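Visitor: If it helps, the file is called upload30.cif and holds mmCIF, C-alpha atoms:
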data_structure
loop_
_atom_site.group_PDB
_atom_site.id
_atom_site.type_symbol
_atom_site.label_atom_id
_atom_site.label_comp_id
_atom_site.auth_asym_id
_atom_site.auth_seq_id
_atom_site.Cartn_x
_atom_site.Cartn_y
_atom_site.Cartn_z
ATOM 1 C CA MET A 17 -36.403 -54.337 -38.939
ATOM 2 C CA ASN A 18 -37.246 -51.615 -41.407
ATOM 3 C CA ASP A 19 -33.675 -51.643 -42.749
ATOM 4 C CA PHE A 20 -33.904 -55.428 -43.299
ATOM 5 C CA SER A 21 -37.213 -55.126 -45.105
ATOM 6 C CA GLU A 22 -35.979 -52.331 -47.315
ATOM 7 C CA ASP A 23 -32.872 -54.327 -48.191
ATOM 8 C CA LEU A 24 -34.836 -57.534 -48.808
ATOM 9 C CA PHE A 25 -37.231 -55.942 -51.203
ATOM 10 C CA ASP A 26 -34.816 -53.501 -52.858
ATOM 11 C CA GLU A 27 -35.949 -53.743 -56.476
ATOM 12 C CA LYS A 28 -32.565 -52.753 -57.879
ATOM 13 C CA LYS A 29 -30.764 -55.431 -55.949
ATOM 14 C CA ILE A 30 -33.284 -58.046 -57.022
ATOM 15 C CA LYS A 31 -32.864 -57.121 -60.689
ATOM 16 C CA LYS A 32 -29.100 -57.201 -60.322
ATOM 17 C CA ALA A 33 -29.222 -60.676 -58.747
ATOM 18 C CA VAL A 34 -31.544 -61.933 -61.487
ATOM 19 C CA ARG A 35 -29.253 -60.454 -64.133
ATOM 20 C CA ARG A 36 -26.235 -62.175 -62.617
ATOM 21 C CA GLY A 37 -28.155 -65.463 -62.569
ATOM 22 C CA LYS A 38 -29.107 -65.104 -66.214
ATOM 23 C CA ILE A 39 -25.521 -64.336 -67.206
ATOM 24 C CA LYS A 40 -24.263 -67.389 -65.319
ATOM 25 C CA THR A 41 -26.932 -69.537 -66.976
ATOM 26 C CA ILE A 42 -26.034 -68.225 -70.439
ATOM 27 C CA ILE A 43 -22.315 -68.773 -69.825
ATOM 28 C CA THR A 44 -23.023 -72.295 -68.566
ATOM 29 C CA ILE A 45 -25.163 -73.061 -71.628
ATOM 30 C CA ILE A 46 -22.472 -71.689 -73.962
ATOM 31 C CA LEU A 47 -19.708 -73.692 -72.265
ATOM 32 C CA VAL A 48 -21.774 -76.892 -72.250
ATOM 33 C CA SER A 49 -22.715 -76.340 -75.893
ATOM 34 C CA LEU A 50 -19.072 -75.818 -76.830
ATOM 35 C CA VAL A 51 -18.018 -78.977 -75.008
ATOM 36 C CA VAL A 52 -20.846 -80.965 -76.605
ATOM 37 C CA PHE A 53 -19.981 -79.527 -80.033
ATOM 38 C CA VAL A 54 -16.298 -80.405 -79.675
ATOM 39 C CA VAL A 55 -17.060 -83.907 -78.377
ATOM 40 C CA LEU A 56 -19.607 -84.574 -81.138
ATOM 41 C CA ASN A 57 -17.309 -83.170 -83.804
ATOM 42 C CA VAL A 58 -14.389 -85.299 -82.599
ATOM 43 C CA ALA A 59 -16.634 -88.361 -82.431
ATOM 44 C CA ASN A 60 -18.083 -87.623 -85.883
ATOM 45 C CA SER A 61 -14.591 -87.193 -87.323
ATOM 46 C CA ALA A 62 -13.367 -90.417 -85.720
ATOM 47 C CA ILE A 63 -16.388 -92.425 -86.908
ATOM 48 C CA SER A 64 -16.228 -90.923 -90.395
ATOM 49 C CA ALA A 65 -12.477 -91.596 -90.625
ATOM 50 C CA HIS A 66 -12.996 -95.219 -89.545
ATOM 51 C CA TYR A 67 -15.695 -95.865 -92.130
ATOM 52 C CA SER A 68 -13.809 -93.906 -94.778
ATOM 53 C CA GLN A 69 -10.763 -96.148 -94.352
ATOM 54 C CA LYS A 70 -12.949 -99.268 -94.313
ATOM 55 C CA ALA A 71 -14.736 -98.194 -97.501
ATOM 56 C CA PHE A 72 -11.419 -97.374 -99.182
ATOM 57 C CA ARG A 73 -10.085 -100.877 -98.516
ATOM 58 C CA GLU A 74 -13.291 -102.463 -99.842
ATOM 59 C CA TRP A 75 -13.469 -100.319 -102.978
ATOM 60 C CA ASP A 76 -9.753 -100.551 -103.691
ATOM 61 C CA ALA A 77 -10.087 -104.345 -103.489
ATOM 62 C CA TYR A 78 -12.983 -104.164 -105.957
ATOM 63 C CA VAL A 79 -10.962 -102.009 -108.367
ATOM 64 C CA ARG A 80 -7.848 -104.189 -108.141
ATOM 65 C CA LEU A 81 -9.908 -107.312 -108.867
ATOM 66 C CA SER A 82 -12.072 -105.984 -111.694
ATOM 67 C CA THR A 83 -9.633 -103.630 -113.460
ATOM 68 C CA PRO A 84 -6.492 -105.387 -114.735
ATOM 69 C CA ASN A 85 -3.529 -103.701 -113.016
ATOM 70 C CA GLY A 86 -5.890 -101.031 -111.690
ATOM 71 C CA TYR A 87 -5.940 -99.388 -108.262
ATOM 72 C CA ILE A 88 -7.328 -96.319 -106.490
ATOM 73 C CA SER A 89 -4.620 -93.707 -106.817
ATOM 74 C CA LYS A 90 -6.336 -90.757 -105.114
ATOM 75 C CA THR A 91 -9.322 -90.069 -102.854
ATOM 76 C CA VAL A 92 -10.911 -86.823 -101.643
ATOM 77 C CA ASP A 93 -13.511 -87.173 -98.865
ATOM 78 C CA SER A 94 -16.467 -84.864 -98.252
ATOM 79 C CA LYS A 95 -17.493 -85.454 -94.636
ATOM 80 C CA GLY A 96 -21.127 -85.359 -93.511
ATOM 81 C CA PHE A 97 -22.830 -86.575 -90.331
ATOM 82 C CA LEU A 98 -21.428 -90.010 -89.384
ATOM 83 C CA GLY A 99 -20.329 -90.567 -92.966
ATOM 84 C CA GLY A 100 -19.685 -88.872 -96.251
ATOM 85 C CA ILE A 101 -18.772 -89.231 -99.914
ATOM 86 C CA SER A 102 -15.374 -90.078 -101.347
ATOM 87 C CA ASN A 103 -14.387 -88.973 -104.848
ATOM 88 C CA TYR A 104 -11.698 -91.313 -106.112
ATOM 89 C CA GLU A 105 -9.390 -91.693 -109.096
ATOM 90 C CA ILE A 106 -8.621 -95.031 -110.743
ATOM 91 C CA SER A 107 -5.186 -95.497 -112.303
ATOM 92 C CA LYS A 108 -3.509 -98.382 -114.124
ATOM 93 C CA ASP A 109 0.042 -99.653 -113.968
ATOM 94 C CA PHE A 110 0.955 -99.729 -117.634
ATOM 95 C CA LYS A 111 4.373 -101.370 -117.644
ATOM 96 C CA ILE A 112 6.387 -98.161 -118.080
ATOM 97 C CA LYS A 113 4.171 -95.724 -116.141
ATOM 98 C CA SER A 114 0.834 -95.316 -114.377
ATOM 99 C CA ILE A 115 -2.101 -93.678 -116.145
ATOM 100 C CA ALA A 116 -5.251 -92.166 -114.572
ATOM 101 C CA ILE A 117 -8.271 -93.566 -116.417
ATOM 102 C CA GLU A 118 -11.459 -92.705 -114.501
ATOM 103 C CA GLN A 119 -13.009 -90.595 -111.746
ATOM 104 C CA LYS A 120 -15.751 -92.140 -109.582
ATOM 105 C CA GLN A 121 -17.291 -91.827 -106.109
ATOM 106 C CA TYR A 122 -18.733 -93.911 -103.294
ATOM 107 C CA SER A 123 -20.524 -93.144 -100.019
ATOM 108 C CA PHE A 124 -19.504 -94.408 -96.575
ATOM 109 C CA GLY A 125 -20.435 -94.245 -92.892
ATOM 110 C CA LEU A 126 -23.121 -95.187 -90.392
ATOM 111 C CA ILE A 127 -25.376 -92.727 -92.214
ATOM 112 C CA PRO A 128 -23.972 -92.682 -95.779
ATOM 113 C CA SER A 129 -24.480 -89.486 -97.729
ATOM 114 C CA VAL A 130 -26.933 -89.566 -100.610
ATOM 115 C CA LEU A 131 -24.969 -90.433 -103.721
ATOM 116 C CA ILE A 132 -26.081 -89.147 -107.113
ATOM 117 C CA SER A 133 -24.126 -90.942 -109.817
ATOM 118 C CA ARG A 134 -24.163 -90.457 -113.565
ATOM 119 C CA SER A 135 -22.653 -92.968 -115.975
ATOM 120 C CA SER A 136 -19.705 -91.999 -118.130
ATOM 121 C CA GLY A 137 -18.070 -93.316 -121.249
ATOM 122 C CA GLY A 138 -19.994 -94.616 -124.231
ATOM 123 C CA ASN A 139 -21.045 -97.685 -126.169
ATOM 124 C CA VAL A 140 -20.787 -98.705 -129.801
ATOM 125 C CA GLY A 141 -22.242 -101.557 -131.763
ATOM 126 C CA ILE A 142 -25.790 -100.943 -130.558
ATOM 127 C CA THR A 143 -27.206 -102.072 -133.909
ATOM 128 C CA GLY A 144 -25.425 -105.435 -133.672
ATOM 129 C CA GLU A 145 -23.098 -104.618 -136.581
ATOM 130 C CA ASP A 146 -20.072 -104.246 -134.310
ATOM 131 C CA TRP A 147 -19.018 -105.350 -130.843
ATOM 132 C CA GLN A 148 -20.992 -103.644 -128.096
ATOM 133 C CA PHE A 149 -17.963 -102.640 -126.062
ATOM 134 C CA SER A 150 -17.762 -99.622 -123.762
ATOM 135 C CA TYR A 151 -15.218 -96.845 -123.361
ATOM 136 C CA LYS A 152 -13.526 -95.642 -120.212
ATOM 137 C CA GLU A 153 -13.538 -91.946 -119.358
ATOM 138 C CA ASN A 154 -10.076 -91.435 -120.841
ATOM 139 C CA GLY A 155 -11.143 -92.916 -124.193
ATOM 140 C CA TRP A 156 -9.731 -96.429 -123.847
ATOM 141 C CA ARG A 157 -11.849 -99.420 -124.764
ATOM 142 C CA GLU A 158 -12.918 -101.821 -122.068
ATOM 143 C CA MET A 159 -11.447 -105.193 -122.940
ATOM 144 C CA LEU A 160 -13.610 -108.181 -123.884
ATOM 145 C CA PHE A 161 -13.034 -111.719 -122.569
ATOM 146 C CA PHE A 162 -14.274 -115.064 -123.907
ATOM 147 C CA HIS A 163 -14.641 -118.087 -121.633
ATOM 148 C CA PRO A 164 -13.071 -121.202 -123.196
ATOM 149 C CA ASN A 165 -16.023 -123.377 -122.110
ATOM 150 C CA VAL A 166 -18.580 -121.209 -123.921
ATOM 151 C CA PRO A 167 -19.158 -121.754 -127.686
ATOM 152 C CA TYR A 168 -19.436 -118.155 -128.930
ATOM 153 C CA LYS A 169 -20.711 -117.421 -132.427
ATOM 154 C CA GLN A 170 -17.846 -114.994 -133.011
ATOM 155 C CA TYR A 171 -14.617 -113.996 -131.247
ATOM 156 C CA LYS A 172 -12.889 -110.622 -131.027
ATOM 157 C CA ASP A 173 -9.608 -110.468 -132.942
ATOM 158 C CA ASP A 174 -7.667 -107.188 -132.696
ATOM 159 C CA GLU A 175 -4.370 -108.474 -134.131
ATOM 160 C CA GLN A 176 -4.810 -106.628 -137.445
ATOM 161 C CA LEU A 177 -5.940 -103.471 -135.647
ATOM 162 C CA ILE A 178 -2.754 -103.471 -133.562
ATOM 163 C CA ASN A 179 -0.512 -104.243 -136.540
ATOM 164 C CA GLY A 180 -2.048 -101.350 -138.462
ATOM 165 C CA MET A 181 -1.318 -98.739 -135.816
ATOM 166 C CA GLN A 182 1.517 -96.283 -136.353
ATOM 167 C CA GLY A 183 4.339 -95.351 -134.005
ATOM 168 C CA ASP A 184 6.212 -97.132 -131.251
ATOM 169 C CA LYS A 185 3.360 -97.505 -128.757
ATOM 170 C CA VAL A 186 2.714 -99.837 -125.824
ATOM 171 C CA TYR A 187 -0.520 -101.828 -126.085
ATOM 172 C CA GLU A 188 -2.703 -103.465 -123.465
ATOM 173 C CA VAL A 189 -4.276 -106.617 -124.908
ATOM 174 C CA ALA A 190 -6.634 -109.165 -123.330
ATOM 175 C CA LEU A 191 -5.999 -112.695 -124.631
ATOM 176 C CA SER A 192 -8.596 -115.439 -124.112
ATOM 177 C CA PHE A 193 -7.330 -119.016 -124.300
ATOM 178 C CA GLY A 194 -8.942 -121.835 -126.250
ATOM 179 C CA GLN A 195 -9.002 -123.950 -123.080
ATOM 180 C CA PRO A 196 -8.252 -123.498 -119.365
ATOM 181 C CA TYR A 197 -4.647 -124.050 -118.264
ATOM 182 C CA LYS A 198 -3.105 -124.814 -114.895
ATOM 183 C CA PRO A 199 -0.137 -122.561 -113.946
ATOM 184 C CA ASN A 200 2.413 -125.266 -114.848
ATOM 185 C CA GLU A 201 0.727 -125.821 -118.240
ATOM 186 C CA LEU A 202 1.116 -122.304 -119.636
ATOM 187 C CA PHE A 203 2.330 -122.645 -123.178
ATOM 188 C CA MET A 204 4.127 -119.401 -124.042
ATOM 189 C CA GLN A 205 6.772 -116.929 -122.989
ATOM 190 C CA LEU A 206 4.970 -114.108 -121.190
ATOM 191 C CA PRO A 207 6.040 -110.444 -120.966
ATOM 192 C CA GLU A 208 7.470 -109.026 -117.753
ATOM 193 C CA MET A 209 4.106 -107.595 -116.704
ATOM 194 C CA THR A 210 1.219 -110.057 -117.050
ATOM 195 C CA TRP A 211 -2.283 -110.124 -115.575
ATOM 196 C CA PHE A 212 -3.807 -113.602 -115.177
ATOM 197 C CA TRP A 213 -7.540 -114.142 -115.721
ATOM 198 C CA ILE A 214 -8.704 -116.759 -113.191
ATOM 199 C CA ASP A 215 -11.728 -119.063 -113.457
ATOM 200 C CA THR A 216 -13.813 -117.965 -110.462
ATOM 201 C CA TYR A 217 -17.185 -118.667 -112.070
ATOM 202 C CA SER A 218 -19.874 -120.878 -110.563
ATOM 203 C CA SER A 219 -21.755 -123.448 -112.624
ATOM 204 C CA GLU A 220 -24.761 -121.086 -112.588
ATOM 205 C CA GLN A 221 -22.688 -118.265 -114.074
ATOM 206 C CA LEU A 222 -21.221 -120.560 -116.715
ATOM 207 C CA ASN A 223 -24.690 -121.807 -117.682
ATOM 208 C CA LYS A 224 -25.807 -118.184 -118.022
ATOM 209 C CA PHE A 225 -22.868 -117.392 -120.348
ATOM 210 C CA GLN A 226 -23.641 -120.453 -122.469
ATOM 211 C CA LYS A 227 -27.330 -119.551 -122.729
ATOM 212 C CA GLU A 228 -26.523 -115.958 -123.703
ATOM 213 C CA ALA A 229 -24.054 -117.102 -126.363
ATOM 214 C CA LYS A 230 -26.675 -119.420 -127.840
ATOM 215 C CA GLU A 231 -29.668 -117.080 -127.768
ATOM 216 C CA ASN A 232 -28.229 -113.557 -128.200
ATOM 217 C CA ASP A 233 -26.552 -111.723 -131.034
ATOM 218 C CA TRP A 234 -22.800 -112.349 -131.287
ATOM 219 C CA SER A 235 -22.027 -108.658 -130.779
ATOM 220 C CA SER A 236 -23.213 -108.697 -127.151
ATOM 221 C CA THR A 237 -22.008 -112.103 -125.968
ATOM 222 C CA PHE A 238 -18.717 -111.839 -124.104
ATOM 223 C CA ILE A 239 -17.479 -111.230 -120.569
ATOM 224 C CA ARG A 240 -16.885 -107.601 -119.716
ATOM 225 C CA GLU A 241 -13.637 -106.438 -118.155
ATOM 226 C CA LYS A 242 -15.210 -105.796 -114.736
ATOM 227 C CA ASP A 243 -16.494 -109.384 -114.620
ATOM 228 C CA ALA A 244 -13.110 -110.978 -115.366
ATOM 229 C CA LEU A 245 -11.211 -111.429 -112.098
ATOM 230 C CA GLY A 246 -7.508 -111.967 -111.733
ATOM 231 C CA PHE A 247 -4.130 -110.739 -110.510
ATOM 232 C CA SER A 248 -0.813 -109.683 -111.984
ATOM 233 C CA ILE A 249 2.925 -110.103 -111.548
ATOM 234 C CA ASN A 250 5.553 -107.520 -112.446
ATOM 235 C CA THR A 251 8.423 -109.967 -112.938
ATOM 236 C CA PRO A 252 9.032 -112.557 -115.677
ATOM 237 C CA TYR A 253 6.888 -115.670 -115.218
ATOM 238 C CA ILE A 254 9.077 -118.760 -114.931
ATOM 239 C CA SER A 255 7.141 -121.188 -112.730
ATOM 240 C CA SER A 256 4.017 -121.343 -110.578
ATOM 241 C CA HIS A 257 6.140 -120.332 -107.577
ATOM 242 C CA ASP A 258 6.178 -116.816 -109.056
ATOM 243 C CA LEU A 259 2.418 -116.621 -108.464
ATOM 244 C CA GLU A 260 2.182 -117.852 -104.868
ATOM 245 C CA GLY A 261 2.269 -114.497 -103.075
ATOM 246 C CA GLU A 262 -0.024 -112.811 -105.600
ATOM 247 C CA TYR A 263 -2.551 -115.650 -105.428
ATOM 248 C CA GLU A 264 -2.786 -115.300 -101.644
ATOM 249 C CA ARG A 265 -3.246 -111.570 -102.081
ATOM 250 C CA PHE A 266 -5.938 -112.287 -104.685
ATOM 251 C CA LEU A 267 -7.893 -114.390 -102.165
ATOM 252 C CA ASP A 268 -7.565 -111.634 -99.552
ATOM 253 C CA LEU A 269 -8.946 -109.069 -102.013
ATOM 254 C CA LEU A 270 -11.896 -111.310 -102.904
ATOM 255 C CA GLN A 271 -12.793 -111.559 -99.222
ATOM 256 C CA MET A 272 -12.327 -107.817 -98.657
ATOM 257 C CA SER A 273 -14.162 -106.460 -101.720
ATOM 258 C CA ILE A 274 -17.428 -104.519 -101.420
ATOM 259 C CA TYR A 275 -18.957 -106.500 -104.311
ATOM 260 C CA PRO A 276 -21.097 -109.550 -103.315
ATOM 261 C CA ASP A 277 -20.036 -111.564 -106.407
ATOM 262 C CA HIS A 278 -16.442 -111.299 -105.209
ATOM 263 C CA GLN A 279 -17.452 -112.823 -101.885
ATOM 264 C CA ASN A 280 -19.075 -115.686 -103.805
ATOM 265 C CA ALA A 281 -15.883 -116.115 -105.830
ATOM 266 C CA PHE A 282 -13.876 -116.281 -102.595
ATOM 267 C CA ASN A 283 -16.124 -119.054 -101.275
ATOM 268 C CA LYS A 284 -15.376 -121.037 -104.420
ATOM 269 C CA MET A 285 -11.631 -120.351 -104.519
ATOM 270 C CA LYS A 286 -10.660 -120.451 -100.825
ATOM 271 C CA ASP A 287 -9.999 -124.208 -100.806
ATOM 272 C CA ILE A 288 -8.394 -124.388 -104.265
ATOM 273 C CA LYS A 289 -4.604 -124.623 -104.242
ATOM 274 C CA LEU A 290 -2.554 -122.591 -106.685
ATOM 275 C CA GLU A 291 -1.506 -125.630 -108.696
ATOM 276 C CA ASP A 292 -5.193 -126.434 -109.327
ATOM 277 C CA VAL A 293 -6.225 -122.916 -110.341
ATOM 278 C CA GLU A 294 -7.472 -122.631 -113.933
ATOM 279 C CA ILE A 295 -6.167 -119.696 -115.985
ATOM 280 C CA LEU A 296 -8.591 -118.661 -118.743
ATOM 281 C CA GLY A 297 -6.491 -115.928 -120.321
ATOM 282 C CA VAL A 298 -4.053 -113.123 -119.682
ATOM 283 C CA VAL A 299 -3.652 -109.391 -120.215
ATOM 284 C CA VAL A 300 -0.263 -108.491 -121.658
ATOM 285 C CA TYR A 301 1.555 -105.221 -122.301
ATOM 286 C CA GLY A 302 4.105 -104.476 -124.984
ATOM 287 C CA THR A 303 4.951 -102.982 -128.356
ATOM 288 C CA LYS A 304 3.818 -104.566 -131.630
ATOM 289 C CA ASP A 305 7.126 -106.376 -131.968
ATOM 290 C CA GLU A 306 6.999 -107.647 -128.389
ATOM 291 C CA LEU A 307 3.439 -108.945 -128.795
ATOM 292 C CA LYS A 308 3.697 -110.308 -132.329
ATOM 293 C CA GLU A 309 4.610 -113.895 -131.434
ATOM 294 C CA ILE A 310 2.061 -114.049 -128.628
ATOM 295 C CA LEU A 311 -0.801 -112.803 -130.836
ATOM 296 C CA GLU A 312 0.011 -115.430 -133.473
ATOM 297 C CA ASN A 313 -0.062 -118.327 -131.012
ATOM 298 C CA PRO A 314 -2.745 -120.852 -132.116
ATOM 299 C CA ASN A 315 -3.811 -121.402 -128.485
ATOM 300 C CA ILE A 316 -5.140 -117.827 -128.364
ATOM 301 C CA LYS A 317 -8.856 -117.818 -129.143
ATOM 302 C CA ALA A 318 -9.540 -114.074 -128.905
ATOM 303 C CA SER A 319 -7.645 -110.800 -128.554
ATOM 304 C CA SER A 320 -9.136 -107.505 -127.348
ATOM 305 C CA LEU A 321 -7.282 -104.187 -127.359
ATOM 306 C CA GLY A 322 -7.553 -102.019 -124.249
ATOM 307 C CA GLY A 323 -5.316 -99.020 -123.556
ATOM 308 C CA VAL A 324 -2.622 -97.550 -125.781
ATOM 309 C CA ILE A 325 0.166 -95.227 -124.592
ATOM 310 C CA GLU A 326 3.273 -93.644 -126.085
ATOM 311 C CA ASN A 327 6.434 -95.622 -125.369
ATOM 312 C CA TYR A 328 8.285 -93.092 -123.211
#
As structure tokens, how would this structure be written, given the file I've shared?

Guide:
Amino acid sequence: MNDFSEDLFDEKKIKKAVRRGKIKTIITIILVSLVVFVVLNVANSAISAHYSQKAFREWDAYVRLSTPNGYISKTVDSKGFLGGISNYEISKDFKIKSIAIEQKQYSFGLIPSVLISRSSGGNVGITGEDWQFSYKENGWREMLFFHPNVPYKQYKDDEQLINGMQGDKVYEVALSFGQPYKPNELFMQLPEMTWFWIDTYSSEQLNKFQKEAKENDWSSTFIREKDALGFSINTPYISSHDLEGEYERFLDLLQMSIYPDHQNAFNKMKDIKLEDVEILGVVVYGTKDELKEILENPNIKASSLGGVIENY
């Protein structure tokens, strides 16, 4: 009896048992924490990857629609909790090569990271003495477009500017038509690479353009490059059949884009067949000699120079 009592209340043995219990508890907590950490990290990575890919598709659609021959050429993601920030590079197909033109970023995820954005580029013509166009990060002008159903006080004409440039360069030029044309009504021989500006505007948007043209200074009344939607082909344009696949892709991009105005444009265009689409202008690429006849066409109402690259 005494032996049992001594053993039961042996202080050393009690401390040893308590110590073993604590160690087991600590090990259990560590193992559970590791499992939880791994599971949460895997889940966070999977969720972030899903939303990153979704955001890329939406933003790439936006870029392809609002930047003639533009696309997202590179992305670098910074992952946070259930989301993150993607730094992306915009490039342009420029007939003979692709050129990186801007660096931007967007947030994504269930809990998007806080995005601090600062504008880049610059503006000229603030005094109203010249066109109030903007520059891209790489120094190129953003092209100006002029809707054929809006009576502007003045139209951009860069033909002399292009003719006065030296060297054998390739020019990107936005051409606004004097009237809308159906695909089978196009009146000129187009270069191999051509971007088609499509009439996606609602009556409310058109009324806004007309009011601005009437009430504002001529230097600020035009349609900016990001607000002119369209698609391109990389083969010679012969008939409207050459546009069928690209037009379907155009509708898909409108539906996919992150920008609400593109969704509105899709709702307008989804029931319009290709043969009934109205083309308001084009963006063409070529040397001075290649563009000379096009720029002199009397059906061209305005011309706006964009990018310029060396012809090699």

Visitor: Apply the PyMOL selection byres ((chain A and resi 83) around 9) to the displayed file and report the matching residues as a list in words.

Guide: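 Answer for the PyMOL selection byres ((chain A and resi 83) around 9): Tyr78, Val79, Arg80, Leu81, Ser82, Pro84, Asn85, Gly86, Tyr87, Lys108, Glu241, Lys242, Ala244, Leu245 and Gly246 of chain A.
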
Visitor: Which of these residues is nearest to Leu202 in chain A, using all atoms listed in the file: A:Val34, A:Ile214, A:Ile254, A:Ala62?

Guide: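 Checking each candidate against Leu202 in chain A, we get A:Ile254 as the closest.
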
Visitor: Quote the spacing between CA of Asn223 in chain A and CA of Pro314 in chain A in Å to one decimal place.

Guide: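 CA of Pro314 in chain A lies at a distance of 26.3 Å from CA of Asn223 in chain A.
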
Visitor: For range 91-190 of chain A against range 296-300 of chain A, with a cut-off of 12 Å and counting all atoms listed in the file, what is the closest atom pair and its distance in Å to one decimal for every residue that makes the cut, ordered by chain and number, as CSV?

Guide:
residue,atom,partner,partner_atom,distance
A:Asp109,CA,A:Val300,CA,11.7
A:Phe110,CA,A:Val300,CA,9.7
A:Lys111,CA,A:Val300,CA,9.4
A:Met159,CA,A:Val299,CA,9.3
A:Leu160,CA,A:Val299,CA,10.7
A:Phe161,CA,A:Gly297,CA,8.1
A:Phe162,CA,A:Leu296,CA,8.5
A:His163,CA,A:Leu296,CA,6.7
A:Pro164,CA,A:Leu296,CA,6.8
A:Asn165,CA,A:Leu296,CA,9.4
A:Val166,CA,A:Leu296,CA,11.5
A:Val186,CA,A:Val300,CA,10.1
A:Tyr187,CA,A:Val300,CA,8.0
A:Glu188,CA,A:Val300,CA,5.9
A:Val189,CA,A:Val299,CA,5.5
A:Ala190,CA,A:Val299,CA,4.3

Visitor: Mind pulling up the distance from CA of Phe212 in chain A to CA of Leu177 in chain A?

Guide: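 Spanning CA of Leu177 in chain A to CA of Phe212 in chain A is a straight-line distance of 22.9 Å.
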
Visitor: So how many Å separate CA of Arg35 in chain A and CA of Val54 in chain A, to one decimal?

Guide: 28.4 Å

Visitor: Write out as number ranges by chain which residues come within 9 Å of Lys198 in chain A when counting all atoms listed in the file, dropping same-chain ones fewer than 4 positions away.

Guide: A: 202, 290-295

Visitor: What would the file look like if the residues just selected were written as a PDB file, in the coordinates of the input with C-alpha atoms?

Guide:
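And here is the file that came out, selection.pdb:
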ATOM      1  CA  LEU A 202       1.116-122.304-119.636  1.00  0.00           C
ATOM      2  CA  LEU A 290      -2.554-122.591-106.685  1.00  0.00           C
ATOM      3  CA  GLU A 291      -1.506-125.630-108.696  1.00  0.00           C
ATOM      4  CA  ASP A 292      -5.193-126.434-109.327  1.00  0.00           C
ATOM      5  CA  VAL A 293      -6.225-122.916-110.341  1.00  0.00           C
ATOM      6  CA  GLU A 294      -7.472-122.631-113.933  1.00  0.00           C
ATOM      7  CA  ILE A 295      -6.167-119.696-115.985  1.00  0.00           C
TER       8      ILE A 295
END

Visitor: Just say which residues the PyMOL selection byres ((chain A and resi 68) around 8) picks in this file, as a PyMOL selection string.

Guide: chain A and resi 64-67+69-72+93+99-100+102+124-125

Visitor: Of the residues A:Tyr104, A:Phe247, A:Trp211, A:Phe193, which is the one nearest to Leu311 in chain A, using only C-alpha atoms?

Guide: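 With only C-alpha atoms as the atom set, the closest residue is A:Phe193.
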
Visitor: Would you translate the PyMOL selection byres ((chain A and resi 172) around 8) into the concrete set of residues it matches in this file, as a list in words?

Guide: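 Checked against the file, the PyMOL selection byres ((chain A and resi 172) around 8) matches Leu160, Gln170, Tyr171, Asp173, Asp174, Ala318, Ser319 and Ser320 of chain A.
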
Visitor: Which centre and which edge lengths, in Å to one decimal, describe the axis-aligned box that holds all listed atoms of range 248-264 of chain A after 8 Å is added on each side, as lines of an AutoDock Vina configuration file?

Guide:
center_x = 3.1
center_y = -114.4
center_z = -108.7
size_x = 27.9
size_y = 29.8
size_z = 30.0

Visitor: In terms of the shortest atom-to-atom distance over all atoms listed in the file, which of A:Asp146, A:Leu98, A:Lys169, A:Ala77 is closest to Glu231 in chain A?

Guide: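 Using all atoms listed in the file, Glu231 in chain A sits closest to A:Lys169.
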
Visitor: May I have the residues within 10 Å of Asp277 in chain A as a PyMOL selection string, using only C-alpha atoms and disregarding those fewer than 6 positions away in the same chain?

Guide: chain A and resi 216-217+243+270+283

Visitor: Smallest atom-to-atom distance to Glu118 in chain A: which of A:Trp213, A:Phe225, A:Tyr151, A:Trp75, using all atoms listed in the file?

Guide: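 For Glu118 in chain A, the nearest of the given residues is A:Tyr151.
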